[in-house]
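Enquirer: Here it is, the structure, as structure tokens.
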Amino acid sequence: MSYETVIQTAQNDTSLTLNHTCVRVKDPKVSVEFYTEKLGMKLLKRKDFPEMKFSLYFLAYPRDDLPIDPNGEVMPFGVPGILELTHNWGTENDSNFKVSNGNEEPHRGFGHICITTKDINAMCEKLESKNVNFKKRLVDGRQKDIAFILDPDNYWIELCAYNPSESGKNVNDYRLNHTMIRIKDPAKTLPFYENVLGMKVIEKSVHENGKFTLYFLGYGLQEGESKRSTQGMLEITHNWGTETDSEFQYHNGNEKPQGYGHICIASDDPEKMCKEIEEKYGDKITWSPKYNHGKMKNLAFIKDPDNYSIEIIPRGIVL
């Protein structure tokens with residue numbers, strides 16, 4: 001499958017933003033408390049869907065550019081760096097229920113979200129004092145500049161530092177920097193994200209000792225920001241050799257056991273964007289559903305070559 005020539009809508013649409021990352025959680029009370037009390041995020045909005053028996057919780061680090069609707073409510077779809085927690089009602093009362101964190105065989109796929117800070121040592125000390133569970137401390141392993149913690153559902157969260165001089169527009173010390181997923185074949189996946197969705201490779205990192213390559217993609221860096229200080233990037237990890245194994249596939253998080261849900265792209269004109277993708281690529285693209293065709297209107301879901309879901313929504317949508 002090839003994805004030639006950049007879609008003009010995506011290429012020319014400066015409003016495109018990697019807005020949020022969605023993960024499913026067992027108990028929202030526990031998870032929201034973790035992300036707000038332990039990691040310093042703010043709950044921007046909660047939206048309940050009684051007819052479908054699920055709730056959404058939108059969190060982000062405090063910032064000075066969150067858009068507000070006419071009623072004074074925060075609109076979480078206008079900026080990058082948003083975390084969406086999805087709770088399917090009843091899971092909190094099921095002692096046998098647990099999500100798939102994407103890092104355990106045979107259901108590897110989603111890797112982690114990453115939070116960056118000016119002072120990684122101070123951050124880790126603060127989290128240690130709050131009894132946060134560490135998967136990897138700074139002193140562990142070969143990489144002494146990154147740590148990993150676990151949230152209440154055992155999702156991995158990477159922690160690393162950015163240069164304090166790189167402030168960008170966000171006034172908060174912490175940034176929801178990127179989301180990592182593993183992919184089978186970069187020769188298929190990179191053209192999809194670049195040509196269909198209009199992203200750019202910000203950095204490529206080859207690790208010969210570990211036999212893997214990392215690609216950081218996004219919609220550009222604001223003045224004064226770096227790869228580590230920005231918000232709203234996608235990291236794709238390619239473990240060498242998977243592309244030649246015809247039977248190999250990663251778990252996309254939406255097939256059982258569920259866990260990771262999707263990343264979300266926000267646009268000023270998503271309907272036009274989706275229409276041009278359809279016209280350009282036809283049946284090369286898998287939709288689930290097409291724009292405005294599902295129970296929830298004003299959105300679409302598109303599948304990448306590894307069957308991960310990407311939501312496409314209007315930037316100004318009001319929940």
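Residues are named by chain letter and number: chains run A, B, ... in the order of the structure tokens, numbers start at 1 in each chain, and ligands are numbered from 1 in the order shown.
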Pick out the residues sitting within 7 Å of Asp27 of chain A, and hand them over as a PDB file with all heavy atoms, in the first residue's frame; count only C-alpha atoms, and ignore anything fewer than 2 positions along from it in its own chain.
Expert:
ATOM      1  N   VAL A  25      -9.594   3.443  31.142  1.00  0.00           N
ATOM      2  CA  VAL A  25      -9.219   3.237  32.544  1.00  0.00           C
ATOM      3  C   VAL A  25     -10.289   2.421  33.244  1.00  0.00           C
ATOM      4  O   VAL A  25     -11.465   2.443  32.868  1.00  0.00           O
ATOM      5  CB  VAL A  25      -9.008   4.566  33.279  1.00  0.00           C
ATOM      6  CG1 VAL A  25      -7.888   5.367  32.623  1.00  0.00           C
ATOM      7  CG2 VAL A  25     -10.299   5.383  33.344  1.00  0.00           C
ATOM      8  N   LYS A  29     -12.207   7.486  39.215  1.00  0.00           N
ATOM      9  CA  LYS A  29     -11.919   8.189  40.465  1.00  0.00           C
ATOM     10  C   LYS A  29     -10.452   8.031  40.828  1.00  0.00           C
ATOM     11  O   LYS A  29      -9.769   9.005  41.192  1.00  0.00           O
ATOM     12  CB  LYS A  29     -12.806   7.647  41.595  1.00  0.00           C
ATOM     13  CG  LYS A  29     -12.583   8.349  42.919  1.00  0.00           C
ATOM     14  CD  LYS A  29     -13.506   7.797  44.008  1.00  0.00           C
ATOM     15  CE  LYS A  29     -13.269   8.496  45.344  1.00  0.00           C
ATOM     16  NZ  LYS A  29     -14.143   7.956  46.416  1.00  0.00           N
ATOM     17  N   VAL A  30      -9.946   6.822  40.696  1.00  0.00           N
ATOM     18  CA  VAL A  30      -8.550   6.543  41.021  1.00  0.00           C
ATOM     19  C   VAL A  30      -7.620   7.187  39.989  1.00  0.00           C
ATOM     20  O   VAL A  30      -6.607   7.809  40.341  1.00  0.00           O
ATOM     21  CB  VAL A  30      -8.314   5.027  41.096  1.00  0.00           C
ATOM     22  CG1 VAL A  30      -6.830   4.710  41.281  1.00  0.00           C
ATOM     23  CG2 VAL A  30      -9.136   4.407  42.216  1.00  0.00           C
ATOM     24  N   SER A  31      -7.961   7.052  38.703  1.00  0.00           N
ATOM     25  CA  SER A  31      -7.086   7.564  37.648  1.00  0.00           C
ATOM     26  C   SER A  31      -7.033   9.085  37.622  1.00  0.00           C
ATOM     27  O   SER A  31      -5.958   9.683  37.473  1.00  0.00           O
ATOM     28  CB  SER A  31      -7.548   7.035  36.282  1.00  0.00           C
ATOM     29  OG  SER A  31      -7.360   5.641  36.202  1.00  0.00           O
ATOM     30  N   THR A  91     -16.736  -1.136  35.010  1.00  0.00           N
ATOM     31  CA  THR A  91     -15.440  -1.814  35.123  1.00  0.00           C
ATOM     32  C   THR A  91     -14.838  -1.632  36.509  1.00  0.00           C
ATOM     33  O   THR A  91     -14.109  -2.510  36.994  1.00  0.00           O
ATOM     34  CB  THR A  91     -14.458  -1.292  34.056  1.00  0.00           C
ATOM     35  OG1 THR A  91     -14.335   0.137  34.188  1.00  0.00           O
ATOM     36  CG2 THR A  91     -14.942  -1.627  32.659  1.00  0.00           C
ATOM     37  N   GLU A  92     -15.148  -0.510  37.169  1.00  0.00           N
ATOM     38  CA  GLU A  92     -14.569  -0.247  38.486  1.00  0.00           C
ATOM     39  C   GLU A  92     -15.066  -1.227  39.548  1.00  0.00           C
ATOM     40  O   GLU A  92     -14.425  -1.387  40.595  1.00  0.00           O
ATOM     41  CB  GLU A  92     -14.875   1.191  38.922  1.00  0.00           C
ATOM     42  CG  GLU A  92     -16.324   1.470  39.278  1.00  0.00           C
ATOM     43  CD  GLU A  92     -17.219   1.776  38.093  1.00  0.00           C
ATOM     44  OE1 GLU A  92     -16.873   1.402  36.949  1.00  0.00           O
ATOM     45  OE2 GLU A  92     -18.281   2.379  38.310  1.00  0.00           O
TER      46      GLU A  92
END
Enquirer: Enumerate as a list in words all residues of segment 91-191 of chain A assigned to strand (DSSP E) by DSSP on the backbone, naming them with the chain letters and numbers the document uses.
Expert: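 Filtering segment 91-191 of chain A down to strand (DSSP E) leaves Phe110, Gly111, His112, Ile113, Cys114, Ile115, Thr116, Thr117, Phe134, Lys135, Lys136, Ala147, Phe148, Ile149, Leu150, Trp156, Ile157, Glu158, Leu159, Cys160, Ala161, Arg175, Leu176, Asn177, His178, Thr179, Met180, Ile181 and Arg182 of chain A.
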Enquirer: Quick one, how far is atom CA of Thr116 of chain A from atom CA of Ser205 of chain A?
Expert: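 Distance reported for this atom pair: 18.1 Å.
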Enquirer: Any chance you could tabulate, as a Markdown table, the residues of segment 62-112 of chain A at most 9 Å from segment 141-154 of chain A with each one's nearest atom pair and distance in Å to one decimal, using only C-alpha atoms, in chain and rising number order?
Expert:
| residue | atom | partner | partner_atom | distance |
| --- | --- | --- | --- | --- |
| A:Lys98 | CA | A:Asp153 | CA | 7.2 |
| A:Val99 | CA | A:Asp153 | CA | 6.6 |
| A:Ser100 | CA | A:Asp153 | CA | 8.3 |
| A:Asn101 | CA | A:Asn154 | CA | 6.1 |
Enquirer: Please produce an output containing N, CA and C atoms for each residue in the selection, written as an mmCIF file, in the first residue's frame.
Expert:
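So the final result, stored in result_8.cif, reads:
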data_model
loop_
_atom_site.group_PDB
_atom_site.id
_atom_site.type_symbol
_atom_site.label_atom_id
_atom_site.label_comp_id
_atom_site.auth_asym_id
_atom_site.auth_seq_id
_atom_site.Cartn_x
_atom_site.Cartn_y
_atom_site.Cartn_z
ATOM 1 N N LYS A 98 -9.134 -5.741 33.903
ATOM 2 C CA LYS A 98 -7.947 -4.900 33.802
ATOM 3 C C LYS A 98 -7.728 -4.549 32.342
ATOM 4 N N VAL A 99 -7.163 -3.365 32.110
ATOM 5 C CA VAL A 99 -6.890 -2.940 30.745
ATOM 6 C C VAL A 99 -5.584 -3.563 30.270
ATOM 7 N N SER A 100 -5.381 -3.553 28.959
ATOM 8 C CA SER A 100 -4.107 -3.967 28.378
ATOM 9 C C SER A 100 -3.224 -2.732 28.269
ATOM 10 N N ASN A 101 -2.044 -2.760 28.886
ATOM 11 C CA ASN A 101 -1.193 -1.559 28.876
ATOM 12 C C ASN A 101 -0.327 -1.444 27.628
#
Enquirer: From the set A:Asp119, A:Glu84, A:Pro314, A:Glu128, which residue has the shortest atom-to-atom contact distance to Lys38 of chain A, counting only C-alpha atoms?
Expert: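 The closest residue to Lys38 of chain A is A:Glu128.
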Enquirer: Determine, counting only C-alpha atoms, which protein, DNA and RNA residues have an atom within 7 Å of an atom of Asp306 of chain A; residues of the same chain fewer than 5 positions away are not included. Present the result as a PyMOL selection string.
Expert: chain A and resi 183-184+250
Enquirer: Write to file, as a PDB file, in the first residue's frame, the residues of the selection just made, with N, CA, C and O atoms.
Expert:
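Just written: result_4.pdb:
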ATOM      1  N   ILE A 183       5.359   0.128  15.591  1.00  0.00           N
ATOM      2  CA  ILE A 183       4.833  -0.106  14.238  1.00  0.00           C
ATOM      3  C   ILE A 183       5.658  -1.191  13.543  1.00  0.00           C
ATOM      4  O   ILE A 183       6.829  -1.401  13.849  1.00  0.00           O
ATOM      5  N   LYS A 184       5.018  -1.864  12.594  1.00  0.00           N
ATOM      6  CA  LYS A 184       5.659  -2.986  11.909  1.00  0.00           C
ATOM      7  C   LYS A 184       6.637  -2.550  10.834  1.00  0.00           C
ATOM      8  O   LYS A 184       7.758  -3.039  10.752  1.00  0.00           O
ATOM      9  N   TYR A 250       1.071  -5.926  15.570  1.00  0.00           N
ATOM     10  CA  TYR A 250       0.945  -5.389  16.918  1.00  0.00           C
ATOM     11  C   TYR A 250      -0.517  -5.321  17.322  1.00  0.00           C
ATOM     12  O   TYR A 250      -1.415  -5.291  16.480  1.00  0.00           O
TER      13      TYR A 250
END
Enquirer: For Ile312 of chain A, which residue out of A:Gly81, A:Gly259, A:Gly90, A:Pro270 is the nearest one, using only C-alpha atoms?
Expert: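 Residue with the minimum atom-to-atom distance to Ile312 of chain A: A:Pro270.
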Enquirer: Would you compute the distance between atom CA of Gly232 of chain A and atom CA of Glu203 of chain A? Give it in Å to one decimal.
Expert: 14.2 Å
Enquirer: Based on the backbone DSSP call, show me all residues of segment 125-191 of chain A assigned alpha helix (DSSP H), as a list in words.
Expert: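 Here is the list: Glu125, Lys126, Leu127, Glu128, Ser129, Pro186, Ala187, Lys188, Thr189, Leu190 and Pro191 of chain A.
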Enquirer: Which is closer to Phe34 of chain A than all the others in A:Met52, A:Leu159, A:Leu85, A:Ala122, using only C-alpha atoms?
Expert: A:Leu85
Enquirer: Quick one: residues within 9 Å of Lys47 of chain A, only C-alpha atoms, excluding same-chain residues fewer than 3 positions away - as a list in words?
Expert: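 That gives Phe54, Ser55, Leu56, Tyr57, Phe58 and Leu319 of chain A.
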Enquirer: Those selected residues, please, written with C-alpha atoms and delivered as an mmCIF file, in the first residue's frame.
Expert:
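The result, written out as out.cif:
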data_model
loop_
_atom_site.group_PDB
_atom_site.id
_atom_site.type_symbol
_atom_site.label_atom_id
_atom_site.label_comp_id
_atom_site.auth_asym_id
_atom_site.auth_seq_id
_atom_site.Cartn_x
_atom_site.Cartn_y
_atom_site.Cartn_z
ATOM 1 C CA PHE A 54 -19.324 5.549 29.134
ATOM 2 C CA SER A 55 -17.692 8.777 30.294
ATOM 3 C CA LEU A 56 -14.801 10.863 29.003
ATOM 4 C CA TYR A 57 -12.391 12.839 31.179
ATOM 5 C CA PHE A 58 -10.150 15.455 29.539
ATOM 6 C CA LEU A 319 -19.052 18.801 24.098
#
Enquirer: Fewer than 2 positions away in the same chain doesn't count, so skip those; otherwise give me all residues within 6 Å of segment 286-292 of chain A, counting only C-alpha atoms, as a ChimeraX atom specification.
Expert: /A:294,297-303
Enquirer: For the residues in the current selection, export N, CA and C atoms as an mmCIF file, in the first residue's frame.
Expert:
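Contents of out_33.cif, freshly written:
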data_model
loop_
_atom_site.group_PDB
_atom_site.id
_atom_site.type_symbol
_atom_site.label_atom_id
_atom_site.label_comp_id
_atom_site.auth_asym_id
_atom_site.auth_seq_id
_atom_site.Cartn_x
_atom_site.Cartn_y
_atom_site.Cartn_z
ATOM 1 N N GLY A 294 -21.237 8.172 12.299
ATOM 2 C CA GLY A 294 -21.439 7.342 13.477
ATOM 3 C C GLY A 294 -22.488 7.905 14.418
ATOM 4 N N LYS A 297 -21.590 12.608 16.200
ATOM 5 C CA LYS A 297 -21.429 13.381 14.982
ATOM 6 C C LYS A 297 -20.187 14.272 15.039
ATOM 7 N N ASN A 298 -19.877 14.858 13.882
ATOM 8 C CA ASN A 298 -18.770 15.805 13.741
ATOM 9 C C ASN A 298 -17.408 15.189 14.038
ATOM 10 N N LEU A 299 -17.244 13.932 13.691
ATOM 11 C CA LEU A 299 -15.938 13.302 13.851
ATOM 12 C C LEU A 299 -15.828 12.100 12.928
ATOM 13 N N ALA A 300 -14.598 11.648 12.743
ATOM 14 C CA ALA A 300 -14.316 10.433 11.974
ATOM 15 C C ALA A 300 -13.182 9.687 12.659
ATOM 16 N N PHE A 301 -13.060 8.410 12.340
ATOM 17 C CA PHE A 301 -11.916 7.623 12.769
ATOM 18 C C PHE A 301 -11.299 6.975 11.538
ATOM 19 N N ILE A 302 -9.994 7.086 11.433
ATOM 20 C CA ILE A 302 -9.253 6.521 10.317
ATOM 21 C C ILE A 302 -8.232 5.539 10.884
ATOM 22 N N LYS A 303 -7.908 4.487 10.134
ATOM 23 C CA LYS A 303 -6.955 3.476 10.604
ATOM 24 C C LYS A 303 -5.617 3.634 9.893
#
Enquirer: Could you check which of A:Lys130, A:Lys275, A:Arg175, A:Lys53 is closest to Leu83 of chain A, using only C-alpha atoms?
Expert: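 Of the candidates, the smallest distance to Leu83 of chain A is held by A:Arg175.
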Enquirer: Got a sec: who's within 7 Å of segment 13-23 of chain A, counting only C-alpha atoms, leaving out chain neighbours fewer than 6 positions off, as a VMD selection string?
Expert: chain A and resid 77 79 to 86 219 232 to 233 259 to 268
Enquirer: Of the residues A:Glu158, A:Thr189, A:Tyr35, A:Phe97, which is the one nearest to Cys124 of chain A, using only C-alpha atoms?
Expert: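 Checking each of A:Glu158, A:Thr189, A:Tyr35, A:Phe97 against Cys124 of chain A, counting only C-alpha atoms, the winner is A:Glu158.
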Enquirer: With only C-alpha atoms as the counted atoms, please give the residues lying no more than 6 Å from Thr179 of chain A, apart from itself and same-chain residues fewer than 4 positions off, as an MDAnalysis selection string.
Expert: chainID A and resid 112:113 234:235
Enquirer: Select, from A:Cys274, A:Ile68, A:Leu39, A:Val74, the residue with the minimum atom-to-atom distance to Val196 of chain A, counting only C-alpha atoms.
Expert: A:Cys274
